[in-house]
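This is my_file37.pdb. It holds PDB, C-alpha atoms.
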ATOM      1  CA  MET A   1       3.154 -14.653 -24.992  1.00  0.00           C
ATOM      2  CA  ILE A   2       3.246 -15.357 -21.255  1.00  0.00           C
ATOM      3  CA  ASN A   3       2.281 -12.425 -19.027  1.00  0.00           C
ATOM      4  CA  LEU A   4       4.152 -12.926 -15.763  1.00  0.00           C
ATOM      5  CA  MET A   5       2.052 -10.217 -14.118  1.00  0.00           C
ATOM      6  CA  ASP A   6      -1.274 -11.814 -15.017  1.00  0.00           C
ATOM      7  CA  MET A   7      -3.639 -11.409 -12.036  1.00  0.00           C
ATOM      8  CA  THR A   8      -6.658 -13.175 -13.489  1.00  0.00           C
ATOM      9  CA  GLY A   9      -8.884 -14.649 -10.789  1.00  0.00           C
ATOM     10  CA  ARG A  10      -6.910 -13.136  -7.912  1.00  0.00           C
ATOM     11  CA  ASN A  11      -8.668 -10.810  -5.479  1.00  0.00           C
ATOM     12  CA  VAL A  12      -6.645  -7.823  -4.305  1.00  0.00           C
ATOM     13  CA  MET A  13      -7.720  -5.608  -1.413  1.00  0.00           C
ATOM     14  CA  ILE A  14      -6.532  -2.009  -1.794  1.00  0.00           C
ATOM     15  CA  THR A  15      -6.743   0.451   1.087  1.00  0.00           C
ATOM     16  CA  GLY A  16      -6.785   4.159   0.363  1.00  0.00           C
ATOM     17  CA  ALA A  17      -8.265   3.194  -3.004  1.00  0.00           C
ATOM     18  CA  GLY A  18     -10.219   6.390  -3.618  1.00  0.00           C
ATOM     19  CA  GLN A  19      -7.419   8.546  -4.966  1.00  0.00           C
ATOM     20  CA  GLY A  20      -3.755   8.824  -5.874  1.00  0.00           C
ATOM     21  CA  ILE A  21      -1.648   5.676  -5.848  1.00  0.00           C
ATOM     22  CA  GLY A  22      -4.504   3.507  -4.579  1.00  0.00           C
ATOM     23  CA  LYS A  23      -6.780   4.553  -7.435  1.00  0.00           C
ATOM     24  CA  ALA A  24      -4.033   4.081 -10.036  1.00  0.00           C
ATOM     25  CA  ALA A  25      -3.204   0.655  -8.591  1.00  0.00           C
ATOM     26  CA  ALA A  26      -6.844  -0.379  -8.876  1.00  0.00           C
ATOM     27  CA  GLU A  27      -6.939   0.662 -12.532  1.00  0.00           C
ATOM     28  CA  LEU A  28      -3.757  -1.230 -13.431  1.00  0.00           C
ATOM     29  CA  LEU A  29      -4.568  -4.396 -11.472  1.00  0.00           C
ATOM     30  CA  TYR A  30      -8.029  -4.476 -13.027  1.00  0.00           C
ATOM     31  CA  GLN A  31      -6.451  -4.361 -16.490  1.00  0.00           C
ATOM     32  CA  LEU A  32      -4.238  -7.292 -15.437  1.00  0.00           C
ATOM     33  CA  GLY A  33      -7.352  -9.336 -14.648  1.00  0.00           C
ATOM     34  CA  ALA A  34      -7.682  -8.973 -10.878  1.00  0.00           C
ATOM     35  CA  HIS A  35     -10.846  -8.801  -8.841  1.00  0.00           C
ATOM     36  CA  LEU A  36     -10.755  -5.736  -6.601  1.00  0.00           C
ATOM     37  CA  THR A  37     -11.823  -5.036  -3.030  1.00  0.00           C
ATOM     38  CA  LEU A  38     -11.583  -1.272  -2.685  1.00  0.00           C
ATOM     39  CA  VAL A  39     -11.393   0.243   0.799  1.00  0.00           C
ATOM     40  CA  ASP A  40     -11.399   3.945   1.598  1.00  0.00           C
ATOM     41  CA  ALA A  41     -12.655   6.221   4.352  1.00  0.00           C
ATOM     42  CA  ARG A  42     -14.730   8.184   1.815  1.00  0.00           C
ATOM     43  CA  ALA A  43     -17.630   6.395   0.150  1.00  0.00           C
ATOM     44  CA  ASP A  44     -18.031   9.051  -2.556  1.00  0.00           C
ATOM     45  CA  THR A  45     -14.490   8.688  -3.901  1.00  0.00           C
ATOM     46  CA  LEU A  46     -14.789   4.896  -3.798  1.00  0.00           C
ATOM     47  CA  GLU A  47     -17.895   4.913  -5.934  1.00  0.00           C
ATOM     48  CA  GLY A  48     -16.190   7.197  -8.423  1.00  0.00           C
ATOM     49  CA  VAL A  49     -13.329   4.730  -8.833  1.00  0.00           C
ATOM     50  CA  ALA A  50     -15.517   1.612  -8.910  1.00  0.00           C
ATOM     51  CA  GLY A  51     -17.844   3.115 -11.510  1.00  0.00           C
ATOM     52  CA  GLN A  52     -15.303   2.562 -14.287  1.00  0.00           C
ATOM     53  CA  PHE A  53     -15.120  -1.206 -13.681  1.00  0.00           C
ATOM     54  CA  ASP A  54     -17.353  -4.236 -14.259  1.00  0.00           C
ATOM     55  CA  ALA A  55     -19.400  -4.486 -11.052  1.00  0.00           C
ATOM     56  CA  SER A  56     -19.003  -8.271 -10.960  1.00  0.00           C
ATOM     57  CA  ARG A  57     -15.282  -7.850 -10.345  1.00  0.00           C
ATOM     58  CA  VAL A  58     -15.378  -5.083  -7.726  1.00  0.00           C
ATOM     59  CA  LEU A  59     -16.417  -4.792  -4.069  1.00  0.00           C
ATOM     60  CA  THR A  60     -16.360  -1.363  -2.384  1.00  0.00           C
ATOM     61  CA  LEU A  61     -16.239  -0.962   1.381  1.00  0.00           C
ATOM     62  CA  ALA A  62     -16.157   2.444   3.078  1.00  0.00           C
ATOM     63  CA  GLY A  63     -14.485   2.705   6.464  1.00  0.00           C
ATOM     64  CA  SER A  64     -11.280   3.473   8.318  1.00  0.00           C
ATOM     65  CA  VAL A  65      -8.243   1.203   8.571  1.00  0.00           C
ATOM     66  CA  THR A  66      -8.064   2.270  12.227  1.00  0.00           C
ATOM     67  CA  ASP A  67     -11.358   0.466  12.911  1.00  0.00           C
ATOM     68  CA  ARG A  68     -10.406  -3.143  13.604  1.00  0.00           C
ATOM     69  CA  GLU A  69     -13.991  -4.411  13.542  1.00  0.00           C
ATOM     70  CA  PHE A  70     -14.586  -2.802  10.157  1.00  0.00           C
ATOM     71  CA  ILE A  71     -11.411  -4.320   8.720  1.00  0.00           C
ATOM     72  CA  ALA A  72     -12.329  -7.784  10.022  1.00  0.00           C
ATOM     73  CA  ARG A  73     -15.761  -7.494   8.380  1.00  0.00           C
ATOM     74  CA  ALA A  74     -14.221  -6.195   5.172  1.00  0.00           C
ATOM     75  CA  VAL A  75     -11.848  -9.144   4.893  1.00  0.00           C
ATOM     76  CA  ASN A  76     -14.655 -11.616   5.567  1.00  0.00           C
ATOM     77  CA  GLN A  77     -16.911  -9.971   2.966  1.00  0.00           C
ATOM     78  CA  SER A  78     -14.121  -9.872   0.417  1.00  0.00           C
ATOM     79  CA  ALA A  79     -13.165 -13.517   0.943  1.00  0.00           C
ATOM     80  CA  ALA A  80     -16.794 -14.627   0.738  1.00  0.00           C
ATOM     81  CA  ARG A  81     -17.353 -12.678  -2.493  1.00  0.00           C
ATOM     82  CA  PHE A  82     -14.203 -13.737  -4.352  1.00  0.00           C
ATOM     83  CA  GLY A  83     -13.095 -16.980  -2.697  1.00  0.00           C
ATOM     84  CA  GLY A  84     -10.300 -15.464  -0.646  1.00  0.00           C
ATOM     85  CA  VAL A  85      -8.115 -12.384  -0.393  1.00  0.00           C
ATOM     86  CA  HIS A  86      -5.097 -13.205  -2.546  1.00  0.00           C
ATOM     87  CA  GLY A  87      -3.363  -9.850  -2.338  1.00  0.00           C
ATOM     88  CA  LEU A  88      -3.296  -6.815  -0.045  1.00  0.00           C
ATOM     89  CA  PHE A  89      -2.023  -3.415  -1.098  1.00  0.00           C
ATOM     90  CA  ASN A  90      -1.692  -1.745   2.314  1.00  0.00           C
ATOM     91  CA  ASN A  91      -1.689   1.791   0.976  1.00  0.00           C
ATOM     92  CA  ALA A  92      -3.883   4.050   3.162  1.00  0.00           C
ATOM     93  CA  GLY A  93      -2.000   6.955   4.675  1.00  0.00           C
ATOM     94  CA  ILE A  94      -2.235  10.569   5.830  1.00  0.00           C
ATOM     95  CA  THR A  95       0.140  13.404   6.694  1.00  0.00           C
ATOM     96  CA  ARG A  96      -0.040  15.968   9.489  1.00  0.00           C
ATOM     97  CA  THR A  97       2.946  18.249   9.015  1.00  0.00           C
ATOM     98  CA  ALA A  98       4.608  20.232  11.830  1.00  0.00           C
ATOM     99  CA  MET A  99       8.087  20.758  13.217  1.00  0.00           C
ATOM    100  CA  ILE A 100       8.892  18.613  16.250  1.00  0.00           C
ATOM    101  CA  ASP A 101       8.539  21.399  18.815  1.00  0.00           C
ATOM    102  CA  LYS A 102       5.254  22.546  17.267  1.00  0.00           C
ATOM    103  CA  MET A 103       3.638  19.145  16.702  1.00  0.00           C
ATOM    104  CA  SER A 104       0.599  18.422  18.843  1.00  0.00           C
ATOM    105  CA  PHE A 105       0.022  14.981  20.286  1.00  0.00           C
ATOM    106  CA  GLU A 106      -3.122  14.765  18.169  1.00  0.00           C
ATOM    107  CA  GLN A 107      -1.078  15.320  14.991  1.00  0.00           C
ATOM    108  CA  TRP A 108       1.375  12.652  16.128  1.00  0.00           C
ATOM    109  CA  GLN A 109      -1.309  10.130  17.026  1.00  0.00           C
ATOM    110  CA  GLN A 110      -3.445  10.594  13.905  1.00  0.00           C
ATOM    111  CA  VAL A 111      -0.550   9.652  11.635  1.00  0.00           C
ATOM    112  CA  ILE A 112       0.574   6.740  13.824  1.00  0.00           C
ATOM    113  CA  ASP A 113      -3.015   5.431  13.976  1.00  0.00           C
ATOM    114  CA  VAL A 114      -3.502   5.388  10.197  1.00  0.00           C
ATOM    115  CA  ASN A 115      -0.001   4.837   8.813  1.00  0.00           C
ATOM    116  CA  LEU A 116       1.291   2.306  11.353  1.00  0.00           C
ATOM    117  CA  THR A 117      -1.541   0.760  13.372  1.00  0.00           C
ATOM    118  CA  GLY A 118      -3.787   0.782  10.300  1.00  0.00           C
ATOM    119  CA  VAL A 119      -1.146  -1.155   8.366  1.00  0.00           C
ATOM    120  CA  PHE A 120      -0.976  -3.713  11.182  1.00  0.00           C
ATOM    121  CA  ASN A 121      -4.766  -4.015  11.365  1.00  0.00           C
ATOM    122  CA  CYS A 122      -5.080  -4.819   7.662  1.00  0.00           C
ATOM    123  CA  LEU A 123      -2.019  -7.040   7.509  1.00  0.00           C
ATOM    124  CA  GLN A 124      -3.173  -9.073  10.506  1.00  0.00           C
ATOM    125  CA  ALA A 125      -6.732  -9.585   9.265  1.00  0.00           C
ATOM    126  CA  VAL A 126      -5.736 -10.447   5.704  1.00  0.00           C
ATOM    127  CA  GLY A 127      -2.822 -12.590   6.859  1.00  0.00           C
ATOM    128  CA  ILE A 128      -5.097 -14.692   9.061  1.00  0.00           C
ATOM    129  CA  GLU A 129      -7.390 -15.293   6.076  1.00  0.00           C
ATOM    130  CA  MET A 130      -4.434 -16.258   3.876  1.00  0.00           C
ATOM    131  CA  LYS A 131      -3.003 -18.520   6.575  1.00  0.00           C
ATOM    132  CA  ARG A 132      -6.329 -20.335   6.915  1.00  0.00           C
ATOM    133  CA  ARG A 133      -6.371 -21.157   3.218  1.00  0.00           C
ATOM    134  CA  ALA A 134      -2.718 -22.208   3.286  1.00  0.00           C
ATOM    135  CA  GLU A 135      -3.392 -24.597   6.178  1.00  0.00           C
ATOM    136  CA  ALA A 136      -6.258 -26.044   4.124  1.00  0.00           C
ATOM    137  CA  GLY A 137      -3.749 -26.924   1.429  1.00  0.00           C
ATOM    138  CA  GLU A 138      -4.046 -23.968  -0.935  1.00  0.00           C
ATOM    139  CA  GLN A 139      -0.822 -23.155  -2.740  1.00  0.00           C
ATOM    140  CA  ASP A 140       0.327 -19.551  -3.152  1.00  0.00           C
ATOM    141  CA  ALA A 141      -2.112 -18.309  -0.506  1.00  0.00           C
ATOM    142  CA  GLY A 142      -1.285 -14.664  -1.006  1.00  0.00           C
ATOM    143  CA  VAL A 143       0.965 -11.622  -1.137  1.00  0.00           C
ATOM    144  CA  ILE A 144       0.967  -8.530   1.080  1.00  0.00           C
ATOM    145  CA  LEU A 145       2.518  -5.253  -0.028  1.00  0.00           C
ATOM    146  CA  ASN A 146       2.894  -2.444   2.498  1.00  0.00           C
ATOM    147  CA  VAL A 147       3.648   1.154   1.570  1.00  0.00           C
ATOM    148  CA  SER A 148       6.629   2.603   3.369  1.00  0.00           C
ATOM    149  CA  SER A 149       8.581   5.708   2.371  1.00  0.00           C
ATOM    150  CA  ASP A 150      12.103   7.052   2.093  1.00  0.00           C
ATOM    151  CA  ALA A 151      11.071   9.147   5.100  1.00  0.00           C
ATOM    152  CA  GLY A 152      11.197   5.947   7.130  1.00  0.00           C
ATOM    153  CA  ARG A 153      14.771   5.237   6.065  1.00  0.00           C
ATOM    154  CA  ARG A 154      16.481   8.600   6.243  1.00  0.00           C
ATOM    155  CA  GLY A 155      14.148  10.880   8.216  1.00  0.00           C
ATOM    156  CA  THR A 156      12.298  13.960   7.089  1.00  0.00           C
ATOM    157  CA  ILE A 157      11.941  17.549   8.278  1.00  0.00           C
ATOM    158  CA  GLY A 158       8.497  18.508   9.572  1.00  0.00           C
ATOM    159  CA  GLN A 159       7.124  14.978   9.571  1.00  0.00           C
ATOM    160  CA  ILE A 160       8.572  13.090  12.521  1.00  0.00           C
ATOM    161  CA  ASN A 161       5.209  11.334  12.918  1.00  0.00           C
ATOM    162  CA  TYR A 162       5.230  10.178   9.285  1.00  0.00           C
ATOM    163  CA  GLY A 163       8.887   9.130   9.396  1.00  0.00           C
ATOM    164  CA  ALA A 164       8.333   7.129  12.575  1.00  0.00           C
ATOM    165  CA  ALA A 165       5.279   5.386  11.149  1.00  0.00           C
ATOM    166  CA  LYS A 166       6.958   4.514   7.854  1.00  0.00           C
ATOM    167  CA  SER A 167      10.051   3.226   9.626  1.00  0.00           C
ATOM    168  CA  GLY A 168       7.747   1.028  11.681  1.00  0.00           C
ATOM    169  CA  VAL A 169       6.218  -0.339   8.478  1.00  0.00           C
ATOM    170  CA  LEU A 170       9.650  -1.663   7.510  1.00  0.00           C
ATOM    171  CA  GLY A 171       9.779  -3.637  10.761  1.00  0.00           C
ATOM    172  CA  ILE A 172       6.223  -4.905  10.349  1.00  0.00           C
ATOM    173  CA  THR A 173       7.073  -6.087   6.840  1.00  0.00           C
ATOM    174  CA  MET A 174      10.194  -8.012   7.846  1.00  0.00           C
ATOM    175  CA  SER A 175       8.594  -9.628  10.890  1.00  0.00           C
ATOM    176  CA  ALA A 176       5.491 -10.742   8.991  1.00  0.00           C
ATOM    177  CA  ALA A 177       7.630 -12.092   6.143  1.00  0.00           C
ATOM    178  CA  LYS A 178       9.560 -14.289   8.585  1.00  0.00           C
ATOM    179  CA  GLU A 179       6.508 -15.498  10.506  1.00  0.00           C
ATOM    180  CA  TRP A 180       4.375 -16.358   7.491  1.00  0.00           C
ATOM    181  CA  ALA A 181       6.978 -17.654   5.027  1.00  0.00           C
ATOM    182  CA  ARG A 182       6.205 -21.233   6.069  1.00  0.00           C
ATOM    183  CA  TYR A 183       2.659 -20.735   4.761  1.00  0.00           C
ATOM    184  CA  GLY A 184       3.882 -19.426   1.420  1.00  0.00           C
ATOM    185  CA  ILE A 185       2.657 -15.909   2.235  1.00  0.00           C
ATOM    186  CA  ARG A 186       5.006 -13.258   0.910  1.00  0.00           C
ATOM    187  CA  VAL A 187       5.262  -9.799   2.514  1.00  0.00           C
ATOM    188  CA  ASN A 188       7.171  -6.876   1.027  1.00  0.00           C
ATOM    189  CA  SER A 189       7.123  -3.093   1.093  1.00  0.00           C
ATOM    190  CA  VAL A 190       7.504  -0.384  -1.498  1.00  0.00           C
ATOM    191  CA  ALA A 191       9.078   2.950  -0.564  1.00  0.00           C
ATOM    192  CA  TYR A 192       8.327   5.908  -2.796  1.00  0.00           C
ATOM    193  CA  GLY A 193      10.130   9.177  -3.201  1.00  0.00           C
ATOM    194  CA  ILE A 194       8.126  12.207  -4.333  1.00  0.00           C
ATOM    195  CA  VAL A 195       5.054  10.996  -6.228  1.00  0.00           C
ATOM    196  CA  GLU A 196       2.762  13.405  -8.081  1.00  0.00           C
ATOM    197  CA  THR A 197      -0.171  13.211  -5.663  1.00  0.00           C
ATOM    198  CA  ASP A 198      -2.043  15.670  -3.451  1.00  0.00           C
ATOM    199  CA  MET A 199       0.090  14.608  -0.464  1.00  0.00           C
ATOM    200  CA  THR A 200       3.268  15.994  -2.096  1.00  0.00           C
ATOM    201  CA  GLU A 201       1.790  19.196  -3.484  1.00  0.00           C
ATOM    202  CA  VAL A 202       3.850  21.416  -1.165  1.00  0.00           C
ATOM    203  CA  LEU A 203       7.145  19.698  -2.029  1.00  0.00           C
ATOM    204  CA  ARG A 204       6.384  20.066  -5.730  1.00  0.00           C
ATOM    205  CA  GLY A 205       5.220  23.674  -5.409  1.00  0.00           C
ATOM    206  CA  PRO A 206       7.196  26.846  -6.247  1.00  0.00           C
ATOM    207  CA  LYS A 207       8.779  27.167  -2.787  1.00  0.00           C
ATOM    208  CA  PHE A 208      10.414  23.725  -2.680  1.00  0.00           C
ATOM    209  CA  ARG A 209      10.311  22.459  -6.273  1.00  0.00           C
ATOM    210  CA  GLU A 210      13.917  23.267  -7.212  1.00  0.00           C
ATOM    211  CA  LYS A 211      15.329  21.769  -4.019  1.00  0.00           C
ATOM    212  CA  SER A 212      13.121  18.693  -4.300  1.00  0.00           C
ATOM    213  CA  LEU A 213      14.145  18.008  -7.889  1.00  0.00           C
ATOM    214  CA  ALA A 214      17.822  18.521  -7.052  1.00  0.00           C
ATOM    215  CA  SER A 215      17.636  15.487  -4.734  1.00  0.00           C
ATOM    216  CA  VAL A 216      16.401  13.180  -7.527  1.00  0.00           C
ATOM    217  CA  PRO A 217      19.174  12.000  -9.902  1.00  0.00           C
ATOM    218  CA  LEU A 218      16.605  11.186 -12.625  1.00  0.00           C
ATOM    219  CA  GLY A 219      15.559  14.837 -12.436  1.00  0.00           C
ATOM    220  CA  ARG A 220      11.786  14.530 -12.239  1.00  0.00           C
ATOM    221  CA  PHE A 221       8.967  13.477  -9.943  1.00  0.00           C
ATOM    222  CA  LEU A 222       7.313  10.075 -10.095  1.00  0.00           C
ATOM    223  CA  GLY A 223       3.953   9.812 -11.837  1.00  0.00           C
ATOM    224  CA  VAL A 224       1.287   7.666 -10.211  1.00  0.00           C
ATOM    225  CA  GLU A 225       0.980   5.472 -13.306  1.00  0.00           C
ATOM    226  CA  GLU A 226       4.705   4.699 -13.064  1.00  0.00           C
ATOM    227  CA  ALA A 227       4.542   4.178  -9.310  1.00  0.00           C
ATOM    228  CA  VAL A 228       1.933   1.434  -9.485  1.00  0.00           C
ATOM    229  CA  ARG A 229       3.930  -0.696 -11.911  1.00  0.00           C
ATOM    230  CA  SER A 230       6.018  -1.703  -8.904  1.00  0.00           C
ATOM    231  CA  VAL A 231       2.795  -2.595  -7.084  1.00  0.00           C
ATOM    232  CA  ALA A 232       1.670  -4.874  -9.909  1.00  0.00           C
ATOM    233  CA  PHE A 233       5.069  -6.550  -9.989  1.00  0.00           C
ATOM    234  CA  LEU A 234       5.268  -7.214  -6.258  1.00  0.00           C
ATOM    235  CA  LEU A 235       1.689  -8.508  -6.028  1.00  0.00           C
ATOM    236  CA  SER A 236       1.996 -10.728  -9.089  1.00  0.00           C
ATOM    237  CA  PRO A 237       3.614 -14.117  -9.793  1.00  0.00           C
ATOM    238  CA  ALA A 238       6.465 -12.197 -11.458  1.00  0.00           C
ATOM    239  CA  SER A 239       7.896 -11.507  -7.975  1.00  0.00           C
ATOM    240  CA  ALA A 240       7.844 -15.141  -6.833  1.00  0.00           C
ATOM    241  CA  PHE A 241      10.455 -15.936  -4.125  1.00  0.00           C
ATOM    242  CA  ILE A 242      10.764 -12.279  -3.117  1.00  0.00           C
ATOM    243  CA  THR A 243       9.739 -11.681   0.493  1.00  0.00           C
ATOM    244  CA  GLY A 244      10.798  -9.445   3.364  1.00  0.00           C
ATOM    245  CA  GLN A 245      12.217  -6.890   0.946  1.00  0.00           C
ATOM    246  CA  HIS A 246      11.856  -3.124   0.563  1.00  0.00           C
ATOM    247  CA  LEU A 247      11.776  -1.769  -2.982  1.00  0.00           C
ATOM    248  CA  SER A 248      12.693   1.917  -3.314  1.00  0.00           C
ATOM    249  CA  VAL A 249      11.048   3.666  -6.251  1.00  0.00           C
ATOM    250  CA  ASN A 250      12.576   7.112  -5.991  1.00  0.00           C
ATOM    251  CA  GLY A 251      14.592   7.994  -9.098  1.00  0.00           C
ATOM    252  CA  GLY A 252      17.837   7.417  -7.205  1.00  0.00           C
ATOM    253  CA  ALA A 253      17.079   9.871  -4.409  1.00  0.00           C
ATOM    254  CA  HIS A 254      18.072   7.280  -1.809  1.00  0.00           C
ATOM    255  CA  ILE A 255      20.627   4.650  -2.814  1.00  0.00           C
ATOM    256  CA  THR A 256      21.967   1.964  -0.489  1.00  0.00           C
ATOM    257  CA  ALA A 257      24.200  -1.069  -0.920  1.00  0.00           C
TER     258      ALA A 257
END
Could you take the file, read its structure, and then write that structure out as structure tokens?
Amino acid sequence: MINLMDMTGRNVMITGAGQGIGKAAAELLYQLGAHLTLVDARADTLEGVAGQFDASRVLTLAGSVTDREFIARAVNQSAARFGGVHGLFNNAGITRTAMIDKMSFEQWQQVIDVNLTGVFNCLQAVGIEMKRRAEAGEQDAGVILNVSSDAGRRGTIGQINYGAAKSGVLGITMSAAKEWARYGIRVNSVAYGIVETDMTEVLRGPKFREKSLASVPLGRFLGVEEAVRSVAFLLSPASAFITGQHLSVNGGAHITA
């Protein structure tokens, strides 16, 4: 039987790969046959994830997505090791929660640096590598998947920095999709609702749990293993001819025409 999500021989770079959605994405993509380039700010968590895989199919690189020189080196190392970067899961992100009138500039800037500028840094470096291979005649040079959020579409209380960054990711996605379509490079985003990760612990806790669940028509939170199925789809040949799109995976919490 044909597996339309077969990733055999394709190298996928995953940022924020040490935990949560990034870790789960690495596990699923590995099972689908992909080579993995795992990037995270913490070397210890990276090694813990990589330890469960065949070392010949995994490259780990510790550093921040805000460091442009590090990202450039990471892309070069990844391409040299696996013959190119064929997919990017632009997943790294942080939260710094505060109401608007209480938010410090440092809290604002930290989130913008990682969640918006970091996305641009990785997209630009990987996109240049993909474009080079496309200009050399390689077909299907690559796919980029950015992580946005419903917060970037409808706003969120206590996270104006996060909402602004994730809204910006939507614009980055659409612009890159238009610029690089002529090279066969596809760029999409995935927007999650409340996923069962450390970042949503407060929303899923006793104080907000009932209200949070009431906003989800399917009546439950999204597990990380479920969340990354959308990642595999959008990075795989199964999503051919899809570009510049934003896929909401939120149990119906935000529905648009």
Restricting the calculation to all atoms listed in the file, which member of A:Ala125, A:Ala177, A:Val216, A:Ala191 is positioned closest to Gly152 in chain A?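 So, comparing all the options, the nearest one is A:Ala191.
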Compile the contact shell of range 154-171 of chain A as a ChimeraX atom specification: residues with an atom at most 9 Å away, counting all atoms listed in the file, same-chain residues fewer than 3 positions apart removed. /A:94-100,103,107-117,119-120,146-151,174-176,188-189,191,244-246,254
Counting only C-alpha atoms, the residue among A:Ala134, A:Val195, A:Leu247, A:Leu38 that lies closest to Glu225 in chain A is A:Val195
Residues at most 7 Å from Asn91 in chain A, counting all atoms listed in the file, excluding those fewer than 2 positions away in the same chain, as a PyMOL selection string? chain A and resi 14-16+22+89+93+146-147
Rounded to one decimal in Å, what is the spacing between CA of Gly20 in chain A and CA of Thr173 in chain A?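 Straight-line distance from CA of Gly20 in chain A to CA of Thr173 in chain A works out to 22.4 Å.
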Can you work out which one of A:Thr45, A:Asp54, A:Ala80, A:Met13 has the shortest atom-to-atom distance to Gly127 in chain A, counting only C-alpha atoms?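 Under the stated criterion, the closest residue is A:Met13.
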Among the residues A:Arg220, A:Arg186, A:Arg42, A:Arg229, the one that comes closest to Thr243 in chain A [using only C-alpha atoms]: A:Arg186
Shortest interatomic distance to Asp198 in chain A - which of A:Leu59, A:Val126, A:Ala181, A:Val224, counting all atoms listed in the file: A:Val224
Which residues fall under the PyMOL selection byres ((chain A and resi 6) around 8) in this file, as a list in words?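 The output of the PyMOL selection byres ((chain A and resi 6) around 8) on this file is Asn3, Leu4, Met5, Met7, Thr8, Leu32, Gly33, Ser236 and Pro237 of chain A.
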I need the output of the PyMOL selection byres ((chain A and resi 232) around 8) for this file as a ChimeraX atom specification; which residues are they? /A:5,25,28-29,228-231,233-236
In the coordinates of the file, take the point (9.3, 12.2, -13.5) and a cut-off of 12 Å; then, counting only C-alpha atoms, name each qualifying protein, DNA or RNA residue as an MDAnalysis selection string. chainID A and resid 193:196 204 212:213 216:227 249:252
Using only C-alpha atoms, which residue out of A:Ala43, A:Ala24, A:Ile185, A:Ala72 lies closest to Glu138 in chain A?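 The closest residue to Glu138 in chain A is A:Ile185.
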What is the distance between CA of Asp40 in chain A and CA of Arg209 in chain A, in Å to one decimal?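 Straight-line distance from CA of Asp40 in chain A to CA of Arg209 in chain A works out to 29.6 Å.
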Six-sided padding of 6 Å per side, axis-aligned box over range 123-138 of chain A, centre and edges in Å, one decimal, as JSON:
{"center_x": -4.7, "center_y": -17.0, "center_z": 4.8, "size_x": 17.4, "size_y": 31.9, "size_z": 23.4}
Pairwise distance for CA of Arg68 in chain A and CA of Asn121 in chain A, rounded to one decimal in Å: 6.1 Å
